[in-house]
file target.cif (mmCIF, C-alpha atoms)
data_input
loop_
_atom_site.label_atom_id
_atom_site.label_comp_id
_atom_site.auth_asym_id
_atom_site.auth_seq_id
_atom_site.Cartn_x
_atom_site.Cartn_y
_atom_site.Cartn_z
CA MET A 1 22.21 201.18 99.72
CA GLU A 2 25.66 199.70 100.10
CA THR A 3 28.45 202.27 100.01
CA PRO A 4 30.64 202.06 96.90
CA THR A 5 34.16 200.86 97.79
CA LYS A 6 37.25 199.76 95.89
CA GLU A 7 36.22 196.12 96.55
CA ASN A 8 32.60 196.31 95.32
CA THR A 9 33.05 198.80 92.43
CA LEU A 10 34.53 197.99 89.03
CA TYR A 11 36.08 200.83 87.03
CA LEU A 12 35.41 200.58 83.28
CA PRO A 13 36.47 203.02 80.57
CA ILE A 14 33.88 203.12 77.77
CA LYS A 15 33.08 205.04 74.59
CA GLN A 16 30.87 208.14 74.71
CA VAL A 17 28.14 206.51 72.58
CA TYR A 18 27.75 203.63 75.08
CA PHE A 19 27.94 205.98 78.07
CA ASP A 20 25.09 208.06 76.61
CA GLN A 21 23.01 204.91 75.95
CA ILE A 22 23.50 203.74 79.54
CA ILE A 23 22.49 207.14 80.93
CA ALA A 24 19.46 207.23 78.59
CA GLY A 25 18.48 203.73 79.82
CA THR A 26 18.61 202.13 76.36
CA LYS A 27 21.73 200.03 77.04
CA LYS A 28 20.97 197.48 79.77
CA GLU A 29 24.20 195.46 79.77
CA GLU A 30 27.92 196.24 79.58
CA TYR A 31 30.12 193.50 78.12
CA ARG A 32 33.74 192.59 78.76
CA GLU A 33 35.88 189.75 77.39
CA ILE A 34 37.39 187.40 79.94
CA LYS A 35 40.96 186.60 79.01
CA GLU A 36 43.57 184.67 80.96
CA GLY A 37 45.53 187.04 83.15
CA ILE A 38 44.58 190.70 83.45
CA THR A 39 40.86 190.70 82.64
CA ALA A 40 40.18 187.37 84.33
CA ASN A 41 41.84 188.75 87.46
CA ARG A 42 39.59 191.82 87.34
CA TYR A 43 36.31 189.96 86.86
CA LEU A 44 36.70 186.60 88.60
CA LEU A 45 36.78 185.69 92.27
CA LYS A 46 39.95 184.03 93.60
CA ASP A 47 40.49 181.87 96.68
CA LYS A 48 43.24 182.40 99.28
CA ASN A 49 45.65 180.38 97.10
CA GLY A 50 45.11 182.69 94.10
CA LYS A 51 43.03 180.17 92.14
CA TYR A 52 39.77 181.14 90.43
CA VAL A 53 36.77 179.98 92.45
CA LEU A 54 34.79 177.25 90.66
CA ASN A 55 31.03 177.48 90.34
CA PRO A 56 29.94 174.24 92.09
CA ASP A 57 26.63 174.22 90.16
CA VAL A 58 28.38 173.62 86.80
CA THR A 59 31.73 171.98 87.67
CA GLN A 60 33.06 168.72 89.09
CA PRO A 61 35.29 168.97 92.18
CA ASP A 62 37.95 166.57 90.85
CA LYS A 63 38.41 168.25 87.46
CA GLU A 64 40.67 171.13 86.38
CA TYR A 65 39.05 173.99 84.46
CA PHE A 66 40.45 176.79 82.29
CA ILE A 67 39.26 180.24 81.21
CA ASP A 68 38.49 179.05 77.67
CA ASP A 69 36.64 175.85 78.63
CA TYR A 70 33.23 175.71 76.95
CA ASN A 71 31.97 173.36 79.70
CA ASN A 72 28.68 172.62 77.89
CA GLY A 73 27.89 176.33 77.74
CA ASN A 74 28.43 176.93 81.47
CA PHE A 75 31.24 179.25 82.52
CA PRO A 76 33.14 177.29 85.20
CA PHE A 77 34.13 180.17 87.48
CA VAL A 78 32.47 182.66 89.83
CA PRO A 79 32.60 186.42 89.18
CA LYS A 80 33.68 188.95 91.78
CA PRO A 81 30.59 190.25 93.60
CA TYR A 82 30.60 193.76 92.16
CA LYS A 83 27.72 195.99 93.25
CA TYR A 84 28.64 198.99 91.09
CA LEU A 85 30.29 199.96 87.83
CA TYR A 86 32.14 203.25 87.74
CA ILE A 87 32.06 204.08 84.04
CA ALA A 88 34.21 206.79 82.47
CA VAL A 89 34.42 208.01 78.89
CA GLY A 90 37.94 207.42 77.61
CA TYR A 91 41.04 208.38 79.54
CA ALA A 92 41.14 212.20 79.55
CA LYS A 93 41.19 214.04 82.88
CA GLU A 94 38.01 215.95 81.95
CA ARG A 95 35.41 213.37 80.97
CA ASP A 96 31.89 212.14 81.69
CA THR A 97 31.65 209.62 84.52
CA ALA A 98 28.83 207.77 86.24
CA LEU A 99 28.24 205.28 89.02
CA VAL A 100 25.81 202.54 87.99
CA GLU A 101 24.31 199.75 90.06
CA VAL A 102 25.02 196.16 88.97
CA ASP A 103 21.78 194.14 89.01
CA GLY A 104 23.35 190.84 88.04
CA PHE A 105 25.44 189.24 85.34
CA ARG A 106 25.57 186.46 82.79
CA PHE A 107 28.35 184.73 80.91
CA ILE A 108 28.21 184.51 77.13
CA PRO A 109 30.27 182.00 75.10
CA ASN A 110 31.56 183.18 71.70
CA MET A 111 33.50 181.45 68.92
CA ILE A 112 32.82 178.00 70.31
CA ARG A 113 35.24 175.40 68.92
CA ALA A 114 34.51 171.67 68.86
CA ASP A 115 32.17 172.10 71.87
CA LEU A 116 35.35 172.29 73.97
CA TYR A 117 36.63 175.87 73.86
CA ALA A 118 35.06 179.32 73.84
CA PHE A 119 35.91 182.98 74.21
CA TRP A 120 33.79 184.09 77.16
CA GLN A 121 32.29 187.47 77.90
CA ILE A 122 30.73 188.70 81.10
CA ALA A 123 27.64 190.86 80.70
CA PHE A 124 26.94 193.11 83.67
CA HIS A 125 23.21 193.85 84.03
CA LEU A 126 22.88 197.57 84.60
CA GLY A 127 20.56 198.79 87.34
CA ARG A 128 19.83 202.34 88.40
CA ILE A 129 22.23 205.18 87.87
CA ILE A 130 23.47 206.38 91.25
CA GLU A 131 25.32 209.49 90.09
CA ILE A 132 26.39 211.22 86.87
CA HIS A 133 29.17 213.76 86.36
CA ARG A 134 29.28 215.54 83.00
CA LYS A 135 32.54 217.12 81.95
#
call {"tool": "encode", "arguments": {"input": "target.cif", "output": "structure tokens"}}
result
Amino acid sequence: METPTKENTLYLPIKQVYFDQIIAGTKKEEYREIKEGITANRYLLKDKNGKYVLNPDVTQPDKEYFIDDYNNGNFPFVPKPYKYLYIAVGYAKERDTALVEVDGFRFIPNMIRADLYAFWQIAFHLGRIIEIHRK
């Protein structure tokens, strides 16, 4: 097992109901919206120049892509290679937390407009629960 580090672990605050579902094994994915700026920077891989890395399987090298491009239903960028999610209920000091393995991901387009634009979500596929800390 790879050791959890700041680079391979994503911290996500979530609601108690979703935390409990993840621990119970009934919730298999955790979703997050990808928005230009803060969330895109958290979820997407960047090159040495600070540009989001294009997924060569679904993009053309000579074209510019944006976070809200529908791109025929293919998200144009590559996610950061997270191995773990560190989930925490809310923001209080005393709260339930858990470390969960990331088994994979998928991108989901929402509110597609004119087959050109979409609001994208990343869905992290949840693997085994490594550790749980109850408050």
call {"tool": "resolve_selection", "arguments": {"input": "target.cif", "expression": "the PyMOL selection byres ((chain A and resi 9) around 12)", "output": "ChimeraX atom specification"}}
result
/A:2-8,10-12,42-43,80-87,98-102
call {"tool": "write_last_selection", "arguments": {"input": "target.cif", "atoms": "C-alpha atoms", "output": "mmCIF file, keeping the file's coordinate frame"}}
result
data_model
loop_
_atom_site.group_PDB
_atom_site.id
_atom_site.type_symbol
_atom_site.label_atom_id
_atom_site.label_comp_id
_atom_site.auth_asym_id
_atom_site.auth_seq_id
_atom_site.Cartn_x
_atom_site.Cartn_y
_atom_site.Cartn_z
ATOM 1 C CA GLU A 2 25.660 199.700 100.100
ATOM 2 C CA THR A 3 28.450 202.270 100.010
ATOM 3 C CA PRO A 4 30.640 202.060 96.900
ATOM 4 C CA THR A 5 34.160 200.860 97.790
ATOM 5 C CA LYS A 6 37.250 199.760 95.890
ATOM 6 C CA GLU A 7 36.220 196.120 96.550
ATOM 7 C CA ASN A 8 32.600 196.310 95.320
ATOM 8 C CA LEU A 10 34.530 197.990 89.030
ATOM 9 C CA TYR A 11 36.080 200.830 87.030
ATOM 10 C CA LEU A 12 35.410 200.580 83.280
ATOM 11 C CA ARG A 42 39.590 191.820 87.340
ATOM 12 C CA TYR A 43 36.310 189.960 86.860
ATOM 13 C CA LYS A 80 33.680 188.950 91.780
ATOM 14 C CA PRO A 81 30.590 190.250 93.600
ATOM 15 C CA TYR A 82 30.600 193.760 92.160
ATOM 16 C CA LYS A 83 27.720 195.990 93.250
ATOM 17 C CA TYR A 84 28.640 198.990 91.090
ATOM 18 C CA LEU A 85 30.290 199.960 87.830
ATOM 19 C CA TYR A 86 32.140 203.250 87.740
ATOM 20 C CA ILE A 87 32.060 204.080 84.040
ATOM 21 C CA ALA A 98 28.830 207.770 86.240
ATOM 22 C CA LEU A 99 28.240 205.280 89.020
ATOM 23 C CA VAL A 100 25.810 202.540 87.990
ATOM 24 C CA GLU A 101 24.310 199.750 90.060
ATOM 25 C CA VAL A 102 25.020 196.160 88.970
#
call {"tool": "resolve_selection", "arguments": {"input": "target.cif", "expression": "the PyMOL selection byres ((chain A and resi 16) around 12)", "output": "list in words"}}
result
Pro13, Ile14, Lys15, Val17, Tyr18, Phe19, Asp20, Gln21, Ile22, Ile23, Ile87, Ala88, Val89, Gly90, Tyr91, Arg95, Asp96, Thr97, Ala98, Arg134 and Lys135 of chain A
call {"tool": "atom_distance", "arguments": {"input": "target.cif", "atom1": "CA of Lys63 (chain A)", "atom2": "CA of Tyr31 (chain A)"}}
result
28.2 Å
call {"tool": "closest_residue", "arguments": {"input": "target.cif", "among": "A:His133, A:Asn72, A:Arg32, A:Val53", "to": "Arg106 (chain A)", "atoms": "all atoms listed in the file"}}
result
A:Arg32
call {"tool": "closest_residue", "arguments": {"input": "target.cif", "among": "A:Ile34, A:Lys93, A:His125, A:Ile108", "to": "Ile67 (chain A)", "atoms": "all atoms listed in the file"}}
result
A:Ile34
call {"tool": "atom_distance", "arguments": {"input": "target.cif", "atom1": "CA of Ala118 (chain A)", "atom2": "CA of Tyr70 (chain A)"}}
result
5.1 Å
call {"tool": "atom_distance", "arguments": {"input": "target.cif", "atom1": "CA of Tyr52 (chain A)", "atom2": "CA of Phe77 (chain A)"}}
result
6.4 Å
call {"tool": "closest_residue", "arguments": {"input": "target.cif", "among": "A:Asp62, A:Asp57, A:Asp68, A:Asp47", "to": "Gln121 (chain A)", "atoms": "all atoms listed in the file"}}
result
A:Asp68
call {"tool": "axis_aligned_box", "arguments": {"input": "target.cif", "around": "region 42-53 of chain A", "padding_each_side": "4 Å", "output": "AutoDock Vina command-line options"}}
result
--center_x 41.0 --center_y 185.9 --center_z 93.1 --size_x 17.3 --size_y 19.8 --size_z 20.4
call {"tool": "closest_residue", "arguments": {"input": "target.cif", "among": "A:Glu29, A:Glu36, A:Glu131, A:Asp69", "to": "Pro109 (chain A)", "atoms": "only C-alpha atoms"}}
result
A:Asp69
call {"tool": "residues_around", "arguments": {"input": "target.cif", "residues": "Thr59 (chain A)", "least_positions_apart": "2", "cutoff": "10 Å", "atoms": "only C-alpha atoms", "output": "CSV table (one decimal) with C-alpha atoms, in the coordinates of the input"}}
result
chain,number,residue,atom,x,y,z
A,54,LEU,CA,34.8,177.2,90.7
A,55,ASN,CA,31.0,177.5,90.3
A,56,PRO,CA,29.9,174.2,92.1
A,57,ASP,CA,26.6,174.2,90.2
A,61,PRO,CA,35.3,169.0,92.2
A,62,ASP,CA,38.0,166.6,90.8
A,63,LYS,CA,38.4,168.2,87.5
A,64,GLU,CA,40.7,171.1,86.4
A,65,TYR,CA,39.0,174.0,84.5
A,71,ASN,CA,32.0,173.4,79.7
A,74,ASN,CA,28.4,176.9,81.5
A,75,PHE,CA,31.2,179.2,82.5
A,76,PRO,CA,33.1,177.3,85.2
A,77,PHE,CA,34.1,180.2,87.5
call {"tool": "closest_residue", "arguments": {"input": "target.cif", "among": "A:Ala24, A:Met1, A:Ile122, A:Met111", "to": "Ala40 (chain A)", "atoms": "all atoms listed in the file"}}
result
A:Ile122
call {"tool": "closest_residue", "arguments": {"input": "target.cif", "among": "A:Lys51, A:Lys46, A:Lys28, A:Lys35", "to": "Ala123 (chain A)", "atoms": "all atoms listed in the file"}}
result
A:Lys28
call {"tool": "decode", "arguments": {"input": "target.cif", "residues": "region 27-63 of chain A", "atoms": "N, CA, C and O atoms", "output": "compact mmCIF listing (two decimals), in the first residue's frame"}}
result
# COMPACT_ATOMS: atom_id res chain seq x y z
N LYS A 27 -22.40 4.15 -0.37
CA LYS A 27 -22.06 5.24 -1.29
C LYS A 27 -20.70 4.90 -1.91
O LYS A 27 -19.71 4.82 -1.20
N LYS A 28 -20.69 4.71 -3.22
CA LYS A 28 -19.49 4.22 -3.92
C LYS A 28 -18.71 5.31 -4.64
O LYS A 28 -17.61 5.06 -5.13
N GLU A 29 -19.31 6.52 -4.74
CA GLU A 29 -18.63 7.63 -5.42
C GLU A 29 -18.83 8.91 -4.61
O GLU A 29 -19.86 9.09 -3.97
N GLU A 30 -17.84 9.78 -4.67
CA GLU A 30 -17.95 11.12 -4.08
C GLU A 30 -17.76 12.11 -5.22
O GLU A 30 -16.81 12.01 -5.98
N TYR A 31 -18.69 13.06 -5.32
CA TYR A 31 -18.73 13.99 -6.45
C TYR A 31 -18.26 15.38 -6.05
O TYR A 31 -18.56 15.84 -4.96
N ARG A 32 -17.58 16.05 -6.98
CA ARG A 32 -17.20 17.44 -6.78
C ARG A 32 -17.30 18.17 -8.12
O ARG A 32 -16.90 17.64 -9.16
N GLU A 33 -17.83 19.42 -8.06
CA GLU A 33 -17.90 20.25 -9.26
C GLU A 33 -16.51 20.76 -9.60
O GLU A 33 -15.72 21.07 -8.71
N ILE A 34 -16.24 20.85 -10.89
CA ILE A 34 -14.97 21.42 -11.34
C ILE A 34 -15.27 22.81 -11.88
O ILE A 34 -15.96 22.96 -12.88
N LYS A 35 -14.77 23.80 -11.17
CA LYS A 35 -14.98 25.19 -11.59
C LYS A 35 -13.63 25.83 -11.84
O LYS A 35 -12.65 25.49 -11.17
N GLU A 36 -13.61 26.76 -12.77
CA GLU A 36 -12.38 27.50 -13.09
C GLU A 36 -11.81 28.08 -11.81
O GLU A 36 -12.53 28.64 -10.99
N GLY A 37 -10.51 27.92 -11.62
CA GLY A 37 -9.89 28.49 -10.43
C GLY A 37 -9.71 27.47 -9.33
O GLY A 37 -9.13 26.42 -9.55
N ILE A 38 -10.27 27.76 -8.16
CA ILE A 38 -9.97 26.97 -6.96
C ILE A 38 -10.20 25.48 -7.12
O ILE A 38 -9.30 24.68 -6.89
N THR A 39 -11.42 25.05 -7.50
CA THR A 39 -11.65 23.60 -7.53
C THR A 39 -10.90 22.94 -8.69
O THR A 39 -10.39 21.85 -8.53
N ALA A 40 -10.81 23.61 -9.82
CA ALA A 40 -10.04 23.03 -10.93
C ALA A 40 -8.59 22.82 -10.50
O ALA A 40 -7.98 21.80 -10.82
N ASN A 41 -8.04 23.78 -9.77
CA ASN A 41 -6.66 23.66 -9.30
C ASN A 41 -6.48 22.50 -8.31
O ASN A 41 -5.41 21.91 -8.24
N ARG A 42 -7.53 22.18 -7.57
CA ARG A 42 -7.44 21.07 -6.61
C ARG A 42 -7.52 19.71 -7.30
O ARG A 42 -6.93 18.74 -6.84
N TYR A 43 -8.31 19.62 -8.37
CA TYR A 43 -8.62 18.32 -8.95
C TYR A 43 -7.86 17.99 -10.23
O TYR A 43 -7.79 16.83 -10.61
N LEU A 44 -7.32 19.00 -10.90
CA LEU A 44 -6.70 18.77 -12.21
C LEU A 44 -5.18 18.92 -12.17
O LEU A 44 -4.64 19.77 -11.49
N LEU A 45 -4.53 18.08 -12.97
CA LEU A 45 -3.08 18.08 -13.09
C LEU A 45 -2.64 19.29 -13.91
O LEU A 45 -3.27 19.63 -14.92
N LYS A 46 -1.52 19.92 -13.48
CA LYS A 46 -0.96 21.05 -14.23
C LYS A 46 0.46 20.72 -14.67
O LYS A 46 1.16 19.96 -14.00
N ASP A 47 0.86 21.31 -15.80
CA ASP A 47 2.24 21.13 -16.27
C ASP A 47 3.15 22.16 -15.59
O ASP A 47 2.70 22.97 -14.78
N LYS A 48 4.42 22.15 -15.96
CA LYS A 48 5.40 23.06 -15.31
C LYS A 48 5.10 24.54 -15.58
O LYS A 48 5.57 25.41 -14.87
N ASN A 49 4.32 24.82 -16.62
CA ASN A 49 3.95 26.20 -16.94
C ASN A 49 2.64 26.63 -16.27
O ASN A 49 2.15 27.73 -16.53
N GLY A 50 2.06 25.73 -15.46
CA GLY A 50 0.82 26.07 -14.76
C GLY A 50 -0.44 25.89 -15.59
O GLY A 50 -1.51 26.36 -15.23
N LYS A 51 -0.32 25.19 -16.73
CA LYS A 51 -1.49 24.93 -17.58
C LYS A 51 -2.03 23.54 -17.25
O LYS A 51 -1.27 22.62 -16.94
N TYR A 52 -3.36 23.39 -17.35
CA TYR A 52 -3.96 22.08 -17.13
C TYR A 52 -3.48 21.12 -18.21
O TYR A 52 -3.40 21.47 -19.38
N VAL A 53 -3.18 19.90 -17.80
CA VAL A 53 -2.68 18.88 -18.73
C VAL A 53 -3.86 18.32 -19.53
O VAL A 53 -4.85 17.87 -18.96
N LEU A 54 -3.73 18.35 -20.86
CA LEU A 54 -4.78 17.82 -21.74
C LEU A 54 -4.73 16.30 -21.78
O LEU A 54 -3.65 15.71 -21.75
N ASN A 55 -5.91 15.70 -21.88
CA ASN A 55 -6.01 14.26 -22.08
C ASN A 55 -5.84 14.01 -23.58
O ASN A 55 -6.72 14.34 -24.37
N PRO A 56 -4.70 13.43 -24.01
CA PRO A 56 -4.43 13.28 -25.45
C PRO A 56 -5.43 12.35 -26.15
O PRO A 56 -5.58 12.42 -27.36
N ASP A 57 -6.13 11.51 -25.39
CA ASP A 57 -7.10 10.58 -25.99
C ASP A 57 -8.36 11.29 -26.50
O ASP A 57 -9.06 10.76 -27.35
N VAL A 58 -8.65 12.49 -25.96
CA VAL A 58 -9.91 13.16 -26.32
C VAL A 58 -9.71 14.61 -26.78
O VAL A 58 -10.68 15.35 -26.91
N THR A 59 -8.45 15.02 -27.00
CA THR A 59 -8.19 16.40 -27.43
C THR A 59 -7.29 16.43 -28.65
O THR A 59 -6.64 15.43 -28.99
N GLN A 60 -7.25 17.60 -29.30
CA GLN A 60 -6.36 17.82 -30.44
C GLN A 60 -5.23 18.73 -29.96
O GLN A 60 -5.49 19.72 -29.28
N PRO A 61 -3.99 18.41 -30.34
CA PRO A 61 -2.84 19.17 -29.83
C PRO A 61 -2.83 20.65 -30.22
O PRO A 61 -2.26 21.46 -29.52
N ASP A 62 -3.47 21.01 -31.32
CA ASP A 62 -3.39 22.39 -31.80
C ASP A 62 -4.59 23.24 -31.38
O ASP A 62 -4.77 24.35 -31.85
N LYS A 63 -5.42 22.71 -30.48
CA LYS A 63 -6.64 23.41 -30.08
C LYS A 63 -6.57 23.82 -28.61
O LYS A 63 -5.97 23.13 -27.80
